[in-house]
Structures are given as C-alpha cells and as structure tokens.
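Raw input_12.cif, mmCIF, C-alpha atoms and all ligand atoms:
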```
data_data
#
loop_
_atom_site.label_atom_id
_atom_site.label_comp_id
_atom_site.auth_asym_id
_atom_site.auth_seq_id
_atom_site.Cartn_x
_atom_site.Cartn_y
_atom_site.Cartn_z
CA MET A 1 38.83 36.33 -57.38
CA ASN A 2 39.77 38.46 -54.49
CA ASP A 3 41.76 35.62 -52.95
CA GLU A 4 43.89 35.31 -56.05
CA ARG A 5 44.66 38.99 -56.00
CA GLN A 6 45.63 38.78 -52.34
CA ARG A 7 47.91 35.82 -52.91
CA ALA A 8 49.58 36.98 -56.05
CA PRO A 9 52.53 38.88 -54.55
CA ARG A 10 53.55 36.04 -52.26
CA ARG A 11 56.73 34.13 -52.76
CA ALA A 12 56.53 30.90 -54.70
CA ASP A 13 58.26 29.03 -51.88
CA GLY A 14 56.04 30.58 -49.22
CA ALA A 15 53.61 27.72 -49.52
CA ALA A 16 50.28 28.53 -47.99
CA GLY A 17 49.46 26.52 -44.89
CA PRO A 18 46.34 24.42 -44.40
CA GLY A 19 44.29 27.58 -44.50
CA GLY A 20 45.87 28.69 -47.79
CA GLY A 21 43.78 31.29 -49.54
CA ARG A 22 42.99 33.40 -46.51
CA SER A 23 43.82 36.99 -47.20
CA ALA A 24 45.98 37.31 -44.12
CA GLY A 25 46.91 33.85 -42.90
CA PRO A 26 48.93 33.26 -39.77
CA ASP A 27 52.04 32.73 -41.92
CA LEU A 28 51.98 36.41 -42.83
CA ALA A 29 53.36 38.93 -40.38
CA ILE A 30 52.03 41.80 -42.46
CA SER A 31 49.58 42.05 -45.31
CA ALA A 32 49.11 45.54 -46.75
CA ARG A 33 46.79 46.37 -49.65
CA ASP A 34 46.42 49.79 -51.25
CA LEU A 35 47.30 51.59 -48.05
CA VAL A 36 46.61 55.30 -48.11
CA ARG A 37 47.41 57.66 -45.27
CA ALA A 38 46.30 61.21 -45.95
CA PHE A 39 46.85 64.30 -43.82
CA GLU A 40 45.61 67.87 -43.98
CA ASP A 41 42.10 66.98 -45.16
CA GLY A 42 43.52 64.82 -47.92
CA ARG A 43 45.89 67.41 -49.36
CA VAL A 44 48.93 65.39 -48.26
CA ARG A 45 49.01 61.71 -49.18
CA ALA A 46 51.97 60.47 -47.18
CA LEU A 47 51.14 56.96 -48.40
CA ASP A 48 49.43 56.72 -51.74
CA GLY A 49 48.52 53.08 -52.37
CA VAL A 50 51.09 50.78 -50.78
CA SER A 51 50.76 46.99 -51.08
CA PHE A 52 53.11 44.26 -49.92
CA ASP A 53 53.22 41.13 -47.78
CA VAL A 54 55.82 40.16 -45.22
CA GLU A 55 56.08 36.56 -44.15
CA ARG A 56 56.74 35.54 -40.59
CA GLY A 57 60.46 35.43 -39.94
CA GLU A 58 61.31 37.63 -42.91
CA THR A 59 63.72 40.58 -42.55
CA LEU A 60 62.93 43.74 -44.45
CA ALA A 61 64.55 47.15 -44.85
CA VAL A 62 62.42 50.12 -45.87
CA MET A 63 64.42 52.77 -47.70
CA GLY A 64 63.60 55.93 -49.62
CA PRO A 65 64.28 59.65 -49.64
CA SER A 66 63.24 61.91 -46.82
CA GLY A 67 59.50 62.58 -47.00
CA SER A 68 58.76 59.41 -49.00
CA GLY A 69 56.48 58.00 -46.29
CA LYS A 70 58.74 55.62 -44.36
CA THR A 71 57.82 56.78 -40.88
CA THR A 72 54.14 57.00 -41.81
CA LEU A 73 54.28 53.40 -43.01
CA LEU A 74 56.10 52.17 -39.93
CA ASN A 75 53.56 53.86 -37.67
CA LEU A 76 50.79 51.97 -39.45
CA LEU A 77 52.69 48.67 -39.22
CA GLY A 78 53.26 49.36 -35.54
CA ALA A 79 49.55 50.00 -34.86
CA LEU A 80 50.45 53.50 -33.71
CA ASP A 81 48.24 54.95 -36.42
CA ARG A 82 45.48 53.84 -38.78
CA PRO A 83 45.29 53.99 -42.58
CA THR A 84 42.86 56.42 -44.24
CA SER A 85 41.91 53.63 -46.64
CA GLY A 86 43.14 50.24 -47.77
CA ARG A 87 43.57 47.02 -45.83
CA LEU A 88 46.15 46.11 -43.28
CA ALA A 89 46.54 42.92 -41.28
CA ILE A 90 49.23 42.50 -38.65
CA ALA A 91 49.92 38.96 -37.46
CA GLY A 92 46.69 37.88 -39.10
CA GLU A 93 44.63 40.55 -37.35
CA GLU A 94 42.84 43.14 -39.47
CA VAL A 95 43.33 46.76 -38.50
CA VAL A 96 39.81 48.14 -38.76
CA LEU A 97 39.68 51.58 -40.35
CA GLY A 98 37.27 53.16 -37.91
CA GLY A 99 37.95 50.79 -35.01
CA HIS A 100 38.61 51.40 -31.35
CA ASP A 101 41.93 52.64 -30.12
CA GLN A 102 41.92 49.94 -27.43
CA ASP A 103 42.04 47.33 -30.18
CA LEU A 104 45.16 48.93 -31.64
CA ASP A 105 46.69 49.22 -28.17
CA ARG A 106 46.06 45.56 -27.51
CA LEU A 107 47.44 44.47 -30.88
CA ARG A 108 50.53 46.61 -30.35
CA ALA A 109 51.14 45.36 -26.83
CA ARG A 110 50.83 41.70 -27.80
CA GLU A 111 52.42 41.49 -31.23
CA ILE A 112 54.77 44.41 -31.78
CA GLY A 113 58.08 45.65 -30.45
CA PHE A 114 59.19 49.11 -31.55
CA ILE A 115 62.71 50.58 -31.55
CA PHE A 116 63.02 54.27 -32.29
CA GLN A 117 66.03 56.22 -33.47
CA LEU A 118 66.33 57.96 -30.13
CA HIS A 119 65.37 54.93 -28.05
CA ASN A 120 62.50 56.74 -26.20
CA LEU A 121 63.58 55.25 -22.90
CA ILE A 122 62.71 57.03 -19.67
CA PRO A 123 66.08 58.46 -18.64
CA THR A 124 65.39 58.64 -14.90
CA LEU A 125 64.35 54.98 -14.64
CA SER A 126 66.79 52.09 -14.50
CA ALA A 127 67.43 49.82 -17.47
CA ARG A 128 65.39 47.13 -15.71
CA GLU A 129 62.44 49.43 -15.03
CA ASN A 130 62.37 50.52 -18.66
CA VAL A 131 62.28 46.90 -19.82
CA GLU A 132 59.50 46.10 -17.34
CA LEU A 133 57.23 48.98 -18.38
CA PRO A 134 55.55 47.25 -21.36
CA MET A 135 54.94 44.19 -19.17
CA MET A 136 53.10 46.33 -16.64
CA GLY A 137 50.79 47.34 -19.49
CA LEU A 138 49.89 43.66 -19.90
CA ARG A 139 49.67 43.19 -16.10
CA VAL A 140 52.47 40.64 -15.93
CA PRO A 141 52.99 39.81 -12.22
CA ARG A 142 55.99 41.40 -10.53
CA ALA A 143 58.07 38.24 -10.11
CA ALA A 144 57.59 37.27 -13.74
CA ARG A 145 58.51 40.81 -14.83
CA ARG A 146 61.68 40.64 -12.85
CA ARG A 147 62.65 37.25 -14.26
CA ARG A 148 61.96 38.32 -17.82
CA SER A 149 63.77 41.67 -17.57
CA GLU A 150 66.85 39.93 -16.13
CA GLU A 151 66.77 37.38 -18.90
CA LEU A 152 66.43 40.05 -21.59
CA LEU A 153 69.07 42.37 -20.18
CA GLY A 154 71.40 39.38 -19.94
CA ARG A 155 70.59 38.53 -23.53
CA VAL A 156 71.58 41.99 -24.77
CA GLY A 157 74.77 41.92 -22.69
CA LEU A 158 73.68 44.32 -19.97
CA ALA A 159 73.15 42.06 -16.95
CA ASP A 160 75.58 44.17 -14.94
CA ARG A 161 73.84 47.42 -15.91
CA ALA A 162 70.30 46.44 -14.92
CA ASP A 163 70.14 48.90 -12.03
CA PHE A 164 71.87 51.79 -13.78
CA SER A 165 69.66 54.67 -14.65
CA VAL A 166 69.43 54.99 -18.39
CA LYS A 167 71.00 58.44 -18.43
CA LYS A 168 74.26 56.89 -17.23
CA LEU A 169 74.47 54.48 -20.16
CA SER A 170 76.25 55.01 -23.48
CA GLY A 171 74.32 55.42 -26.74
CA GLY A 172 74.92 51.80 -27.75
CA GLU A 173 73.93 50.52 -24.31
CA ARG A 174 70.72 52.56 -24.40
CA GLN A 175 69.83 51.15 -27.78
CA ARG A 176 70.41 47.64 -26.41
CA VAL A 177 68.06 48.44 -23.52
CA ALA A 178 65.57 49.60 -26.17
CA VAL A 179 65.94 46.23 -27.93
CA ALA A 180 65.32 44.42 -24.63
CA ARG A 181 62.28 46.59 -23.96
CA ALA A 182 60.93 45.97 -27.47
CA LEU A 183 61.10 42.21 -26.78
CA ALA A 184 59.54 42.37 -23.32
CA ASN A 185 56.12 41.09 -24.38
CA ARG A 186 57.53 38.46 -26.77
CA PRO A 187 56.30 40.20 -29.91
CA HIS A 188 56.23 38.50 -33.29
CA LEU A 189 57.05 41.66 -35.15
CA LEU A 190 60.00 43.92 -34.40
CA LEU A 191 59.92 47.36 -36.02
CA GLY A 192 62.70 49.93 -36.05
CA ASP A 193 62.62 53.50 -37.34
CA GLU A 194 66.30 54.29 -37.99
CA PRO A 195 67.30 52.17 -34.97
CA THR A 196 70.99 52.68 -35.71
CA GLY A 197 70.66 56.27 -36.90
CA SER A 198 72.12 57.80 -33.77
CA LEU A 199 74.92 55.24 -33.33
CA ASP A 200 78.44 55.09 -34.74
CA SER A 201 78.80 52.46 -37.42
CA ARG A 202 80.46 49.82 -35.23
CA THR A 203 77.84 50.10 -32.51
CA GLY A 204 75.13 50.13 -35.18
CA THR A 205 76.54 46.90 -36.62
CA GLU A 206 76.48 45.32 -33.15
CA VAL A 207 72.82 46.25 -32.70
CA ILE A 208 71.93 44.71 -36.09
CA ASP A 209 73.95 41.58 -35.20
CA LEU A 210 71.91 41.33 -32.02
CA LEU A 211 68.59 41.73 -33.83
CA LEU A 212 69.49 39.02 -36.33
CA GLU A 213 70.55 36.65 -33.54
CA LEU A 214 67.27 37.28 -31.76
CA ARG A 215 65.44 36.58 -34.97
CA ARG A 216 67.19 33.22 -35.30
CA GLU A 217 66.34 32.35 -31.72
CA HIS A 218 62.73 33.50 -31.67
CA GLY A 219 61.61 33.51 -35.30
CA LEU A 220 60.92 37.25 -35.17
CA THR A 221 59.89 39.22 -38.20
CA ILE A 222 62.01 42.37 -38.55
CA VAL A 223 61.13 45.55 -40.47
CA LEU A 224 63.64 48.40 -40.26
CA VAL A 225 63.55 51.85 -41.80
CA THR A 226 67.11 52.85 -42.60
CA HIS A 227 69.12 55.29 -44.68
CA ASP A 228 72.21 53.15 -44.28
CA PRO A 229 72.83 50.81 -47.26
CA GLY A 230 75.09 48.71 -45.01
CA VAL A 231 72.24 48.10 -42.58
CA ALA A 232 69.75 47.50 -45.41
CA SER A 233 72.01 44.88 -46.99
CA ARG A 234 71.87 42.82 -43.78
CA MET A 235 68.12 42.35 -44.33
CA ALA A 236 66.87 39.71 -46.78
CA ARG A 237 64.62 42.13 -48.64
CA ILE A 238 64.58 45.84 -49.42
CA VAL A 239 61.40 47.79 -50.15
CA GLU A 240 61.87 51.29 -51.53
CA LEU A 241 59.36 54.07 -51.17
CA ARG A 242 59.10 57.16 -53.30
CA ASP A 243 56.33 59.75 -52.98
CA GLY A 244 54.25 57.42 -50.84
CA ARG A 245 54.43 54.49 -53.25
CA VAL A 246 56.53 51.34 -53.49
CA SER A 247 59.17 52.03 -56.14
CA GLY A 248 61.23 48.90 -55.59
CA ASP A 249 60.95 45.52 -53.84
CA ARG A 250 63.88 43.14 -54.10
CA ARG A 251 65.51 40.29 -52.27
CA VAL A 252 69.21 40.64 -51.55
P1 LIG A 301 59.91 59.85 -44.15
O1 LIG A 301 59.87 59.13 -42.85
O2 LIG A 301 60.13 58.96 -45.34
O3 LIG A 301 60.91 60.97 -44.15
P2 LIG A 301 57.22 60.70 -43.44
O4 LIG A 301 56.45 59.45 -43.41
O5 LIG A 301 57.63 61.28 -42.13
O6 LIG A 301 58.48 60.53 -44.41
O7 LIG A 301 56.38 61.81 -44.21
C1 LIG A 301 55.85 61.61 -45.51
C2 LIG A 301 55.12 62.85 -45.95
O8 LIG A 301 53.93 63.04 -45.17
C3 LIG A 301 55.90 64.14 -45.78
O9 LIG A 301 55.57 64.99 -46.84
C4 LIG A 301 55.39 64.70 -44.48
O10 LIG A 301 55.50 66.09 -44.44
C5 LIG A 301 53.93 64.26 -44.49
N1 LIG A 301 53.42 64.04 -43.13
C6 LIG A 301 53.79 63.07 -42.27
N2 LIG A 301 53.11 63.14 -41.11
C7 LIG A 301 52.27 64.20 -41.26
C8 LIG A 301 51.29 64.82 -40.39
N3 LIG A 301 51.05 64.34 -39.16
N4 LIG A 301 50.63 65.89 -40.87
C9 LIG A 301 50.87 66.36 -42.12
N5 LIG A 301 51.77 65.85 -42.96
C10 LIG A 301 52.46 64.77 -42.54
MG MG A 302 61.07 59.28 -41.11
#
```
Just give me the structure of the file as structure tokens.
Amino acid sequence: MNDERQRAPRRADGAAGPGGGRSAGPDLAISARDLVRAFEDGRVRALDGVSFDVERGETLAVMGPSGSGKTTLLNLLGALDRPTSGRLAIAGEEVVLGGHDQDLDRLRAREIGFIFQLHNLIPTLSARENVELPMMGLRVPRAARRRRSEELLGRVGLADRADFSVKKLSGGERQRVAVARALANRPHLLLGDEPTGSLDSRTGTEVIDLLLELRREHGLTIVLVTHDPGVASRMARIVELRDGRVSGDRRV
C-alpha cells in the first residue's frame, strides 16, 4: 500500500530500476512526503505538507511569493535543517527527524553543493582556497585538493584568477567561484537559493548556462529557487509554493 502511494507521483517514463518499489530508490535525488517545518512553537508553519520527487539529473525551479517557504524548503533539501514532521530522503538517504547533526553534515558534504544568492565566499581567501575549503572538510589530501581546484576553476573559466583574493573579483566571477566550490566534493545534487539574484541578467544567464553544461557533463540534479521567470524557464520543471504548500508542479 505504502509503496504505491510513494510511487504514484513519479513520471511514467521514470521506470523504476531493479529495486523498483523502494520508497527512495537510488534513481531519486529527492523524495519528500508531507514535509512540515514549523517555527515559533508551531505557530508558524513555513512548510505545511510538501510532497514531491525529483529524479536524478532533473532540473527544477522553485518559485513562489516572498514568505511562501522557498528558503525553508531549500534548507531542508540541503541538509542544513531538519523537517518537523514528514519524510525526506536525499540521494536515497533518509533524513532522520531526531537524528544526529553529524549525519546531516556528512550527507551534505558528500552529496550536496549549495550556491547562495550572495555567494558566501570568504573574501580574504583566494578563489582557489575557497574552492578547497569543502575538500578539507572531507580530508582530501593537499595534492588532490590542488588538482581538483585547478580543474574546477578552469572549468568555470577562472584559471587565471585562482590566486586572486575573492574581494578583487567581479560579482559574476565570484558566483562562478561559488559554483566551483559547490562542485568541489562531486555532489549529486546542486542547490541554489536565488543564485543569480545579485547578478545582472547577462551574467545571470552565463551562470545558468554553466550550471546546465555541468549537469550534462556530470549528470547533476539541479534545484534552484528563483524569482526570475527567465531563469525558471531554463529548468525542465517548475514547482510553485504558496503558503508553505505546493500550488503548482509542471514540466516546461
Ligand atoms: P521565502 O524564501 O519563500 O521568502 P521562507 O522560507 O524564508 O520564505 O519563510 C517562510 C515563512 O516562514 C515566512 O513566514 C517566514 O517568516 C517564516 N520563517 C522562516 N524561517 C523562520 C524562523 N527561523 N523562525 C520563524 N519563522 C521563520
Ligand atoms: Mg527566501
């Protein structure tokens, strides 16, 4: 019974693999069921029963008015926060409601890359050092860190800026460093909360172009919160939130 309910929202062409019927098989990047996130002793329900699946390699825009729960949702998907109730699996791993923070940290470090609106880079460090930081968290040896940061900075077109401190870079360059940093640990899931929100539209378009190229190369799953219909239309699917609930879910 329960399995049927879990499978129901999946796409007809998203054939289940050999383990078909699992609630959160490895072919799903995200499986969310009845997610609630309450604040203020339950008086504020930022998310009020959100369910959806995202397949690996899918691209998804999350839209909705201010206060509709977009950031709250992204923080759950990014293992930065835990739901109050409901079920959430990220890359096939269940987020346990009352679990240990180390488990979330580990899941986040291994599976998830996060790009924020204001990049969250450390301005006094170089581009390279910023990209290497998440790898230090996973104790990647120094030589491997160096190789990988060079490769990633080359990939985002910043090979010649690797040793610049971030505060000397333009807004678009910083956001490209943030993309490189988000990919440092080879995540399966790339999340962005208004990743183009502080960029002019041409630079924003370039960042989205880059993300979609990286998806083609690495089979990444991409979930972006955006207010920009132009950015949303570049994703294959748009989920709309209103008052903490899904008010629309369509493929474009
Ligand atoms: P959005 O990103 O769509 O603008 P948010 O997810 O930031 O919306 O917020 C959704 C709702 O939850 C808002 O009403 C907001 O005030 C409330 N909220 C979010 N985080 C908290 C918090 N830490 N404490 C109390 N209320 C919160
Ligand atoms: Mg927000």
Which of A:Ala143, A:Leu220, A:Leu74, A:Ala61 sits closest to Ala32 (chain A) [using all atoms listed in the file]: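 The closest residue to Ala32 (chain A) is A:Leu74.
Residues of protein, DNA or RNA having any atom at most 12 Å from ligand MG 302 (chain A), counting all atoms listed in the file, are Ala46, Val62, Met63, Gly64, Pro65, Ser66, Gly67, Ser68, Gly69, Lys70, Thr71, Thr72, Leu73, Leu74, Asn75, Phe116, Gln117, Gly192, Asp193, Glu194, Pro195, Gly197, Leu224, Val225, Thr226, His227 and Leu241 of chain A.
Closest approach to ligand LIG 301 (chain A) among A:Val95, A:Leu76, A:Val231, A:Leu133 is made by A:Leu76 (distances from all atoms listed in the file).
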Atom pair CA of Thr203 (chain A) / CA of Arg237 (chain A): separation (Å):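 For CA of Thr203 (chain A) relative to CA of Arg237 (chain A), the distance reads 22.3 Å.
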Neighbour residues at most 8 Å from (53.9, 45.5, -33.3) (only C-alpha atoms) as a ChimeraX atom specification: /A:77-79,90,107-114,187-191
Output C-alpha atoms of each residue in that selection to a file, as an mmCIF file, keeping the file's coordinate frame.
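Now in part_21.cif:
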```cif
data_model
loop_
_atom_site.group_PDB
_atom_site.id
_atom_site.type_symbol
_atom_site.label_atom_id
_atom_site.label_comp_id
_atom_site.auth_asym_id
_atom_site.auth_seq_id
_atom_site.Cartn_x
_atom_site.Cartn_y
_atom_site.Cartn_z
ATOM 1 C CA LEU A 77 52.690 48.670 -39.220
ATOM 2 C CA GLY A 78 53.260 49.360 -35.540
ATOM 3 C CA ALA A 79 49.550 50.000 -34.860
ATOM 4 C CA ILE A 90 49.230 42.500 -38.650
ATOM 5 C CA LEU A 107 47.440 44.470 -30.880
ATOM 6 C CA ARG A 108 50.530 46.610 -30.350
ATOM 7 C CA ALA A 109 51.140 45.360 -26.830
ATOM 8 C CA ARG A 110 50.830 41.700 -27.800
ATOM 9 C CA GLU A 111 52.420 41.490 -31.230
ATOM 10 C CA ILE A 112 54.770 44.410 -31.780
ATOM 11 C CA GLY A 113 58.080 45.650 -30.450
ATOM 12 C CA PHE A 114 59.190 49.110 -31.550
ATOM 13 C CA PRO A 187 56.300 40.200 -29.910
ATOM 14 C CA HIS A 188 56.230 38.500 -33.290
ATOM 15 C CA LEU A 189 57.050 41.660 -35.150
ATOM 16 C CA LEU A 190 60.000 43.920 -34.400
ATOM 17 C CA LEU A 191 59.920 47.360 -36.020
#
```
Separation of CA of Arg43 (chain A) from atom O9 of ligand LIG 301 (chain A) in Å: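 Taking atom O9 of ligand LIG 301 (chain A) and CA of Arg43 (chain A), their separation equals 10.3 Å.
The environment of Glu151 (chain A) within 12 Å, counting all atoms listed in the file and disregarding residues fewer than 2 places along the same chain, consists of A:Arg128, A:Val131, A:Glu132, A:Ala144, A:Arg145, A:Arg146, A:Arg147, A:Arg148, A:Ser149, A:Leu153, A:Gly154, A:Arg155, A:Val156, A:Gly157, A:Leu158, A:Ala159, A:Asp160, A:Ala162, A:Ala180, A:Arg181, A:Leu183, A:Ala184.
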Nearest candidate to Asn185 (chain A) (options A:Arg139, A:Arg37, A:Arg45, A:Lys167; using only C-alpha atoms):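 The answer is A:Arg139, which sits nearest to Asn185 (chain A).
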Between atom C5 of ligand LIG 301 (chain A) and CA of Ala178 (chain A), distance in Å (one decimal): 26.2 Å
Residue nearest Glu58 (chain A) - candidates A:Glu40, A:Glu173, A:Asp27, A:Asp163, atoms counted: only C-alpha atoms: A:Asp27
Closest of A:Val36, A:Leu104, A:Val223, A:Leu60 to Gly244 (chain A) - atom-to-atom distances counting all atoms listed in the file: A:Val36
Which of A:Ala232, A:Ile222, A:Leu121, A:Leu212 sits closest to Val54 (chain A) [using only C-alpha atoms]: A:Ile222
Around all listed atoms of ligand LIG 301 (chain A), padded 4 Å per side, what centre and edge lengths does the axis-aligned box have in Å to one decimal, as AutoDock Vina command-line options?
```
--center_x 55.8 --center_y 62.7 --center_z -43.0 --size_x 18.3 --size_y 15.4 --size_z 15.7
```
